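Novice: Compact mmCIF, C-alpha atoms, saved as upload30.txt, coming up:
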# COMPACT_ATOMS: atom_id res chain seq x y z
CA MET Y 1 -10.61 -69.92 131.75
CA ARG Y 2 -13.54 -67.56 131.67
CA ALA Y 3 -12.69 -63.88 131.34
CA PHE Y 4 -14.76 -62.97 134.34
CA ASP Y 5 -15.94 -64.15 137.72
CA TYR Y 6 -19.68 -64.14 138.27
CA ILE Y 7 -21.37 -63.70 141.63
CA GLU Y 8 -25.09 -63.81 142.18
CA ILE Y 9 -26.98 -62.67 145.25
CA ARG Y 10 -30.67 -63.09 145.91
CA VAL Y 11 -32.37 -61.14 148.69
CA PRO Y 12 -35.95 -60.34 149.74
CA ALA Y 13 -37.13 -57.02 148.30
CA LYS Y 14 -36.95 -55.26 151.66
CA PRO Y 15 -35.27 -51.95 152.54
CA GLN Y 16 -33.03 -53.47 155.21
CA TYR Y 17 -31.14 -55.45 152.55
CA VAL Y 18 -30.18 -52.48 150.38
CA SER Y 19 -27.11 -51.73 152.51
CA VAL Y 20 -26.10 -55.39 152.45
CA ILE Y 21 -26.06 -55.35 148.65
CA ARG Y 22 -24.24 -52.01 148.57
CA LEU Y 23 -21.49 -53.30 150.85
CA THR Y 24 -21.18 -56.59 148.98
CA VAL Y 25 -20.80 -54.85 145.62
CA SER Y 26 -18.32 -52.45 147.21
CA GLY Y 27 -16.21 -55.41 148.36
CA LEU Y 28 -16.36 -57.01 144.93
CA ALA Y 29 -15.46 -53.76 143.18
CA SER Y 30 -12.37 -53.39 145.32
CA ARG Y 31 -11.19 -56.81 144.00
CA VAL Y 32 -11.30 -55.37 140.48
CA GLY Y 33 -9.16 -52.41 141.53
CA PHE Y 34 -11.50 -49.46 141.43
CA SER Y 35 -10.54 -46.28 143.23
CA TYR Y 36 -12.24 -45.15 146.40
CA ASP Y 37 -14.33 -42.56 144.57
CA GLU Y 38 -15.35 -45.00 141.84
CA ILE Y 39 -16.48 -47.50 144.45
CA GLU Y 40 -18.43 -44.85 146.34
CA ASP Y 41 -20.14 -43.84 143.07
CA MET Y 42 -20.98 -47.46 142.39
CA LYS Y 43 -22.43 -47.93 145.88
CA ILE Y 44 -24.91 -45.16 145.17
CA ALA Y 45 -25.80 -46.41 141.67
CA VAL Y 46 -26.38 -49.97 142.91
CA SER Y 47 -28.40 -48.74 145.90
CA GLU Y 48 -30.57 -46.69 143.56
CA ALA Y 49 -31.32 -49.72 141.39
CA VAL Y 50 -32.06 -51.97 144.37
CA THR Y 51 -34.10 -49.26 146.12
CA ASN Y 52 -36.18 -48.92 142.98
CA VAL Y 53 -37.12 -52.59 143.17
CA VAL Y 54 -37.82 -52.38 146.90
CA GLN Y 55 -40.09 -49.36 146.48
CA HIS Y 56 -41.87 -50.09 143.23
CA ALA Y 57 -41.64 -53.67 142.01
CA TYR Y 58 -43.89 -55.37 144.46
CA GLY Y 59 -47.20 -54.61 146.14
CA LEU Y 60 -47.53 -54.21 149.86
CA HIS Y 61 -48.51 -57.81 150.47
CA GLU Y 62 -46.24 -59.50 147.97
CA ASP Y 63 -43.07 -61.23 149.03
CA GLY Y 64 -40.77 -60.27 146.20
CA GLU Y 65 -37.15 -60.99 145.55
CA ILE Y 66 -34.26 -59.08 144.03
CA VAL Y 67 -31.55 -60.83 142.07
CA ILE Y 68 -28.21 -59.07 141.82
CA GLY Y 69 -25.65 -60.47 139.40
CA VAL Y 70 -22.11 -59.12 139.41
CA ALA Y 71 -19.52 -59.93 136.73
CA LEU Y 72 -15.94 -59.02 137.56
CA TYR Y 73 -13.56 -58.49 134.63
CA ALA Y 74 -9.95 -57.36 134.60
CA ASP Y 75 -10.93 -53.83 133.68
CA LYS Y 76 -14.63 -53.45 134.43
CA ILE Y 77 -17.55 -54.52 136.54
CA GLU Y 78 -21.05 -55.32 135.35
CA VAL Y 79 -23.92 -55.20 137.80
CA MET Y 80 -27.35 -56.54 136.96
CA VAL Y 81 -30.30 -55.81 139.22
CA SER Y 82 -33.44 -57.73 138.43
CA ASP Y 83 -36.91 -58.13 139.83
CA TYR Y 84 -39.72 -60.38 138.81
CA GLY Y 85 -42.36 -57.90 139.81
CA HIS Y 86 -44.09 -55.21 137.87
CA SER Y 87 -42.46 -53.57 134.88
CA PHE Y 88 -42.15 -49.86 134.38
CA ASN Y 89 -41.96 -47.89 131.18
CA PHE Y 90 -38.32 -46.93 130.84
CA GLU Y 91 -38.86 -44.23 128.23
CA GLU Y 92 -41.53 -42.63 130.34
CA VAL Y 93 -39.43 -42.75 133.47
CA LYS Y 94 -36.40 -41.49 131.59
CA SER Y 95 -38.25 -38.47 130.24
CA GLN Y 96 -38.89 -37.37 133.80
CA ILE Y 97 -35.36 -37.66 135.10
CA GLY Y 98 -32.58 -35.14 135.32
CA PRO Y 99 -30.98 -32.83 137.84
CA TYR Y 100 -32.91 -30.17 139.66
CA GLN Y 101 -33.05 -26.88 137.78
CA GLU Y 102 -32.34 -23.60 139.44
CA ASP Y 103 -35.52 -22.04 138.11
CA GLU Y 104 -37.75 -24.82 139.36
CA SER Y 105 -40.08 -23.41 141.93
CA VAL Y 106 -39.65 -24.84 145.39
CA GLU Y 107 -43.15 -26.29 145.61
CA LEU Y 108 -42.62 -28.25 142.43
CA LEU Y 109 -39.34 -29.84 143.47
CA ARG Y 110 -39.44 -33.58 143.00
CA GLU Y 111 -38.71 -35.59 146.10
CA GLY Y 112 -38.06 -38.80 144.23
CA GLY Y 113 -37.15 -39.76 140.69
CA LEU Y 114 -33.47 -38.93 140.94
CA GLY Y 115 -32.47 -42.58 141.15
CA LEU Y 116 -32.22 -43.31 137.44
CA TYR Y 117 -30.45 -40.01 136.84
CA LEU Y 118 -27.84 -40.88 139.46
CA MET Y 119 -27.33 -44.36 138.00
CA GLU Y 120 -26.64 -42.86 134.58
CA THR Y 121 -24.37 -40.18 135.98
CA LEU Y 122 -22.34 -42.41 138.27
CA MET Y 123 -21.90 -45.45 136.00
CA ASP Y 124 -20.40 -45.60 132.50
CA GLU Y 125 -23.28 -47.46 130.90
CA VAL Y 126 -26.82 -48.14 132.05
CA ARG Y 127 -29.42 -50.17 130.19
CA VAL Y 128 -32.89 -51.13 131.34
CA ASN Y 129 -34.67 -54.17 129.96
CA ASN Y 130 -38.37 -54.64 130.31
CA ASN Y 131 -39.19 -58.30 129.83
CA GLU Y 132 -42.38 -60.20 130.59
CA GLY Y 133 -41.20 -61.20 134.02
CA GLY Y 134 -40.01 -57.83 135.22
CA VAL Y 135 -37.33 -55.20 134.93
CA THR Y 136 -33.59 -55.68 134.74
CA VAL Y 137 -31.08 -52.86 135.08
CA PHE Y 138 -27.60 -53.47 133.62
CA MET Y 139 -24.82 -51.17 134.72
CA THR Y 140 -21.18 -51.14 133.68
CA LYS Y 141 -18.24 -49.26 135.12
CA TYR Y 142 -14.69 -49.30 133.76
CA VAL Y 143 -11.54 -49.04 135.81
CA THR Y 144 -9.33 -46.12 134.85
CA ARG Y 145 -6.24 -47.33 133.02
CA GLU Y 146 -3.54 -46.69 135.62
CA GLN Y 147 -5.40 -48.74 138.14
CA VAL Y 148 -5.85 -51.67 135.75
CA LYS Y 149 -2.08 -51.98 135.44
CA GLU Y 150 -1.70 -52.11 139.19
CA ASN Y 151 -4.54 -54.42 140.07
CA VAL Y 152 -5.31 -56.56 137.03
CA GLN Y 153 -3.95 -59.70 138.66
CA SER Y 154 -6.55 -59.74 141.38
CA ILE Y 155 -9.12 -61.11 138.90
CA THR Y 156 -7.18 -62.97 136.25
CA ARG Y 157 -4.85 -64.79 138.60
CA MET D 1 -26.77 -49.52 160.18
CA ASN D 2 -28.78 -46.59 161.36
CA VAL D 3 -29.24 -42.87 161.35
CA ASN D 4 -29.35 -40.69 164.42
CA VAL D 5 -30.21 -37.02 164.91
CA GLN D 6 -29.40 -34.85 167.93
CA PHE D 7 -30.72 -31.33 168.28
CA ARG D 8 -29.44 -28.34 170.20
CA GLU D 9 -31.47 -25.16 170.49
CA ASP D 10 -29.90 -21.76 170.74
CA GLY D 11 -32.46 -18.97 170.45
CA ASP D 12 -33.57 -18.70 166.85
CA LEU D 13 -30.98 -21.23 165.82
CA LEU D 14 -31.65 -24.96 165.85
CA LEU D 15 -28.61 -27.11 165.36
CA GLY D 16 -29.08 -30.70 164.23
CA PHE D 17 -26.31 -33.27 164.13
CA ILE D 18 -27.02 -36.14 161.79
CA GLU D 19 -25.00 -39.30 162.07
CA GLY D 20 -25.02 -42.52 160.08
CA GLU D 21 -26.10 -43.76 156.68
CA ILE D 22 -29.13 -42.39 154.86
CA ASP D 23 -30.75 -44.84 152.46
CA THR D 24 -34.22 -46.23 151.83
CA TYR D 25 -34.15 -48.09 155.15
CA THR D 26 -33.08 -45.18 157.36
CA ALA D 27 -34.61 -42.26 155.43
CA PRO D 28 -38.02 -42.63 157.16
CA ILE D 29 -36.29 -42.28 160.55
CA LEU D 30 -34.60 -39.06 159.47
CA ARG D 31 -37.84 -37.78 157.91
CA ASP D 32 -39.72 -38.37 161.16
CA GLU D 33 -37.03 -36.61 163.20
CA LEU D 34 -37.13 -33.57 160.91
CA GLU D 35 -40.92 -33.53 160.87
CA MET D 36 -40.96 -33.16 164.64
CA ILE D 37 -39.21 -29.81 164.44
CA ARG D 38 -41.59 -26.97 165.27
CA LEU D 39 -40.93 -24.47 162.51
CA SER D 40 -41.61 -20.81 163.04
CA GLU D 41 -40.92 -17.69 161.03
CA GLY D 42 -37.29 -16.66 161.26
CA LEU D 43 -36.06 -19.95 162.68
CA VAL D 44 -32.68 -20.97 161.31
CA VAL D 45 -32.15 -24.70 161.07
CA GLU D 46 -28.57 -25.76 160.61
CA LEU D 47 -27.97 -29.45 159.95
CA ASP D 48 -24.46 -30.77 160.43
CA LEU D 49 -23.80 -33.67 158.06
CA SER D 50 -20.15 -34.30 158.93
CA ASN D 51 -20.96 -37.74 160.30
CA VAL D 52 -23.17 -38.85 157.44
CA ASN D 53 -21.04 -41.49 155.78
CA TYR D 54 -23.45 -42.62 153.10
CA MET D 55 -26.35 -40.98 151.32
CA ASP D 56 -28.30 -41.56 148.10
CA SER D 57 -31.41 -40.14 146.42
CA THR D 58 -33.68 -41.25 149.24
CA GLY D 59 -31.73 -38.96 151.58
CA LEU D 60 -31.86 -36.12 149.07
CA GLY D 61 -35.62 -36.62 148.92
CA VAL D 62 -35.90 -36.17 152.68
CA PHE D 63 -33.90 -32.94 152.60
CA VAL D 64 -35.90 -31.61 149.64
CA ALA D 65 -39.17 -32.31 151.45
CA PHE D 66 -37.87 -30.61 154.59
CA TYR D 67 -36.58 -27.65 152.61
CA LYS D 68 -40.01 -27.17 151.03
CA LYS D 69 -41.57 -27.08 154.48
CA ILE D 70 -38.92 -24.60 155.66
CA VAL D 71 -39.63 -22.25 152.76
CA LYS D 72 -43.36 -22.47 153.38
CA GLU D 73 -42.91 -21.48 157.02
CA ASN D 74 -40.49 -18.62 156.24
CA ALA D 75 -37.73 -20.33 158.16
CA SER D 76 -34.31 -21.04 156.72
CA LEU D 77 -32.18 -24.12 156.29
CA LYS D 78 -28.47 -24.60 155.98
CA LEU D 79 -26.65 -27.90 155.52
CA VAL D 80 -23.12 -27.70 156.88
CA ASN D 81 -19.89 -29.70 157.08
CA LEU D 82 -20.58 -31.80 154.01
CA SER D 83 -17.87 -34.23 152.99
CA ALA D 84 -16.49 -34.07 149.45
CA ARG D 85 -18.68 -37.05 148.58
CA LEU D 86 -21.85 -35.44 149.89
CA THR D 87 -21.00 -32.14 148.23
CA ARG D 88 -20.62 -33.99 144.93
CA LEU D 89 -24.05 -35.61 145.37
CA PHE D 90 -25.69 -32.23 145.93
CA GLU D 91 -23.80 -30.76 142.97
CA ILE D 92 -24.55 -33.41 140.34
CA THR D 93 -28.23 -33.37 141.25
CA GLY D 94 -28.39 -29.59 140.98
CA LEU D 95 -29.54 -29.27 144.59
CA SER D 96 -26.53 -27.20 145.60
CA GLU D 97 -27.92 -24.41 143.38
CA LEU D 98 -31.18 -24.38 145.28
CA MET D 99 -30.30 -25.11 148.86
CA GLU D 100 -27.67 -23.54 151.04
CA ILE D 101 -24.90 -26.04 151.59
CA GLU D 102 -21.49 -25.59 153.14
CA LYS D 103 -18.61 -27.91 152.54
CA GLY D 104 -16.79 -29.18 155.59
CA GLY D 105 -13.08 -28.67 155.98
CA THR D 106 -11.62 -31.13 158.38
CA THR D 107 -13.77 -34.22 158.55
CA ASN D 108 -13.15 -37.31 156.49
CA ALA D 109 -16.72 -38.48 156.28
CA SER D 110 -17.58 -39.97 152.94
CA ILE D 111 -20.72 -41.05 151.21
Go ahead and express the file in the form of structure tokens.
Specialist:
Amino acid sequence: MRAFDYIEIRVPAKPQYVSVIRLTVSGLASRVGFSYDEIEDMKIAVSEAVTNVVQHAYGLHEDGEIVIGVALYADKIEVMVSDYGHSFNFEEVKSQIGPYQEDESVELLREGGLGLYLMETLMDEVRVNNNEGGVTVFMTKYVTREQVKENVQSITR
Amino acid sequence: MNVNVQFREDGDLLLGFIEGEIDTYTAPILRDELEMIRLSEGLVVELDLSNVNYMDSTGLGVFVAFYKKIVKENASLKLVNLSARLTRLFEITGLSELMEIEKGGTTNASI
């Protein structure tokens, strides 16, 4: 038997589907046995990744799609968010991320660009792949040990 | 899923009650509601977030934009009754150092 269950969801790259994905991943994460706070963190991280595709991957008149792959293990969850639209330069984007600084002047405050920072803060591992077709974000989150003992059967059973 | 804002005016104080989920789909609705506020010098805008049960960076972006406008107009902004989840979001992004936020005591709203 495979060590994980794999679920794939494909939705149009439209803002109204971001909450659908967030709630679906939340439901799947609860099967693995994550705590309330871990699931809430994950909801934000996944929404950020999906929102990024909705806002940037496709032009105004393109009908794009988002593919979300979720792998459920006994002790972790892997979420992959992929588009087949335009790529972005990860290093460049990454150099511009980070929390707001107290000494930043108000006029210069960024109104966007926190998404990648939140993904990295709220998940245990985040990797971004730029391939010819588009961008794929891989995110992993581990269950804390006590909870694994309690809930491990929900996946391996 | 939606977001809804109700305002109540009390002299120089404008109270706003925000309810719902704030993400990329609903953020434009919230932004439009906040943009309709007539800002004047000395106006205190207090936004109650106790019934905001989800928010991500798109929501933060709306509040940052509004805060910039507030500062420009010499008004002031206070976000009140934040759930533990919302407080955490403002803290990890560093926004709690810049904007005035007040944690809520009794509500169970979550992100």
Novice: Give the answer as one residue: which of D:Leu89, D:Leu82, D:Ala65, D:Met55 has the shortest atom-to-atom distance to Lys103 (chain D), using all atoms listed in the file?
Specialist: D:Leu82
Novice: Counting all atoms listed in the file, what is within 8 Å of Glu73 (chain D), bar same-chain residues fewer than 4 positions away, as a ChimeraX atom specification?
Specialist: /D:39-41,69
Novice: With only C-alpha atoms as the basis for distance, which of D:Tyr67, D:Phe90, D:Tyr25, D:Val52 is at the shortest distance from chain Y?
Specialist: D:Tyr25
Novice: Using Å and a single decimal, report how far CA of Glu100 (chain D) sits from CA of Asp10 (chain D).
Specialist: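 That distance, rounded to one decimal, is 19.9 Å.
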Novice: Extract, using all atoms listed in the file, all DNA, RNA and protein residues at most 10 Å from region 49-52 of chain Y, discarding same-chain residues fewer than 3 positions from it, and format them as a VMD selection string.
Specialist: (chain Y and resid 13 to 15 17 to 19 21 to 22 44 to 46 55 to 57 66 to 68 79 to 83 113 115 to 116 118 to 119 136 to 139) or (chain D and resid 23 to 25 56 to 58)
Novice: May I have the residues of chain D within 12 Å of chain Y, counting all atoms listed in the file, written as an mmCIF file with C-alpha atoms, in the frame of the given file?
Specialist:
data_model
loop_
_atom_site.group_PDB
_atom_site.id
_atom_site.type_symbol
_atom_site.label_atom_id
_atom_site.label_comp_id
_atom_site.auth_asym_id
_atom_site.auth_seq_id
_atom_site.Cartn_x
_atom_site.Cartn_y
_atom_site.Cartn_z
ATOM 1 C CA MET D 1 -26.770 -49.520 160.180
ATOM 2 C CA ASN D 2 -28.780 -46.590 161.360
ATOM 3 C CA GLU D 21 -26.100 -43.760 156.680
ATOM 4 C CA ILE D 22 -29.130 -42.390 154.860
ATOM 5 C CA ASP D 23 -30.750 -44.840 152.460
ATOM 6 C CA THR D 24 -34.220 -46.230 151.830
ATOM 7 C CA TYR D 25 -34.150 -48.090 155.150
ATOM 8 C CA THR D 26 -33.080 -45.180 157.360
ATOM 9 C CA ALA D 27 -34.610 -42.260 155.430
ATOM 10 C CA PRO D 28 -38.020 -42.630 157.160
ATOM 11 C CA ASN D 53 -21.040 -41.490 155.780
ATOM 12 C CA TYR D 54 -23.450 -42.620 153.100
ATOM 13 C CA MET D 55 -26.350 -40.980 151.320
ATOM 14 C CA ASP D 56 -28.300 -41.560 148.100
ATOM 15 C CA SER D 57 -31.410 -40.140 146.420
ATOM 16 C CA THR D 58 -33.680 -41.250 149.240
ATOM 17 C CA GLY D 59 -31.730 -38.960 151.580
ATOM 18 C CA LEU D 60 -31.860 -36.120 149.070
ATOM 19 C CA GLY D 61 -35.620 -36.620 148.920
ATOM 20 C CA VAL D 62 -35.900 -36.170 152.680
ATOM 21 C CA PHE D 63 -33.900 -32.940 152.600
ATOM 22 C CA VAL D 64 -35.900 -31.610 149.640
ATOM 23 C CA ALA D 65 -39.170 -32.310 151.450
ATOM 24 C CA PHE D 66 -37.870 -30.610 154.590
ATOM 25 C CA TYR D 67 -36.580 -27.650 152.610
ATOM 26 C CA LYS D 68 -40.010 -27.170 151.030
ATOM 27 C CA LYS D 69 -41.570 -27.080 154.480
ATOM 28 C CA ILE D 70 -38.920 -24.600 155.660
ATOM 29 C CA VAL D 71 -39.630 -22.250 152.760
ATOM 30 C CA LYS D 72 -43.360 -22.470 153.380
ATOM 31 C CA ALA D 84 -16.490 -34.070 149.450
ATOM 32 C CA ARG D 85 -18.680 -37.050 148.580
ATOM 33 C CA LEU D 86 -21.850 -35.440 149.890
ATOM 34 C CA ARG D 88 -20.620 -33.990 144.930
ATOM 35 C CA LEU D 89 -24.050 -35.610 145.370
ATOM 36 C CA PHE D 90 -25.690 -32.230 145.930
ATOM 37 C CA GLU D 91 -23.800 -30.760 142.970
ATOM 38 C CA ILE D 92 -24.550 -33.410 140.340
ATOM 39 C CA THR D 93 -28.230 -33.370 141.250
ATOM 40 C CA GLY D 94 -28.390 -29.590 140.980
ATOM 41 C CA LEU D 95 -29.540 -29.270 144.590
ATOM 42 C CA SER D 96 -26.530 -27.200 145.600
ATOM 43 C CA GLU D 97 -27.920 -24.410 143.380
ATOM 44 C CA LEU D 98 -31.180 -24.380 145.280
ATOM 45 C CA MET D 99 -30.300 -25.110 148.860
ATOM 46 C CA ALA D 109 -16.720 -38.480 156.280
ATOM 47 C CA SER D 110 -17.580 -39.970 152.940
ATOM 48 C CA ILE D 111 -20.720 -41.050 151.210
#
Novice: Quick one, how far is CA of Glu9 (chain D) from CA of Ile37 (chain D)?
Specialist: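 So the two atoms, CA of Glu9 (chain D) and CA of Ile37 (chain D), lie 10.9 Å apart.
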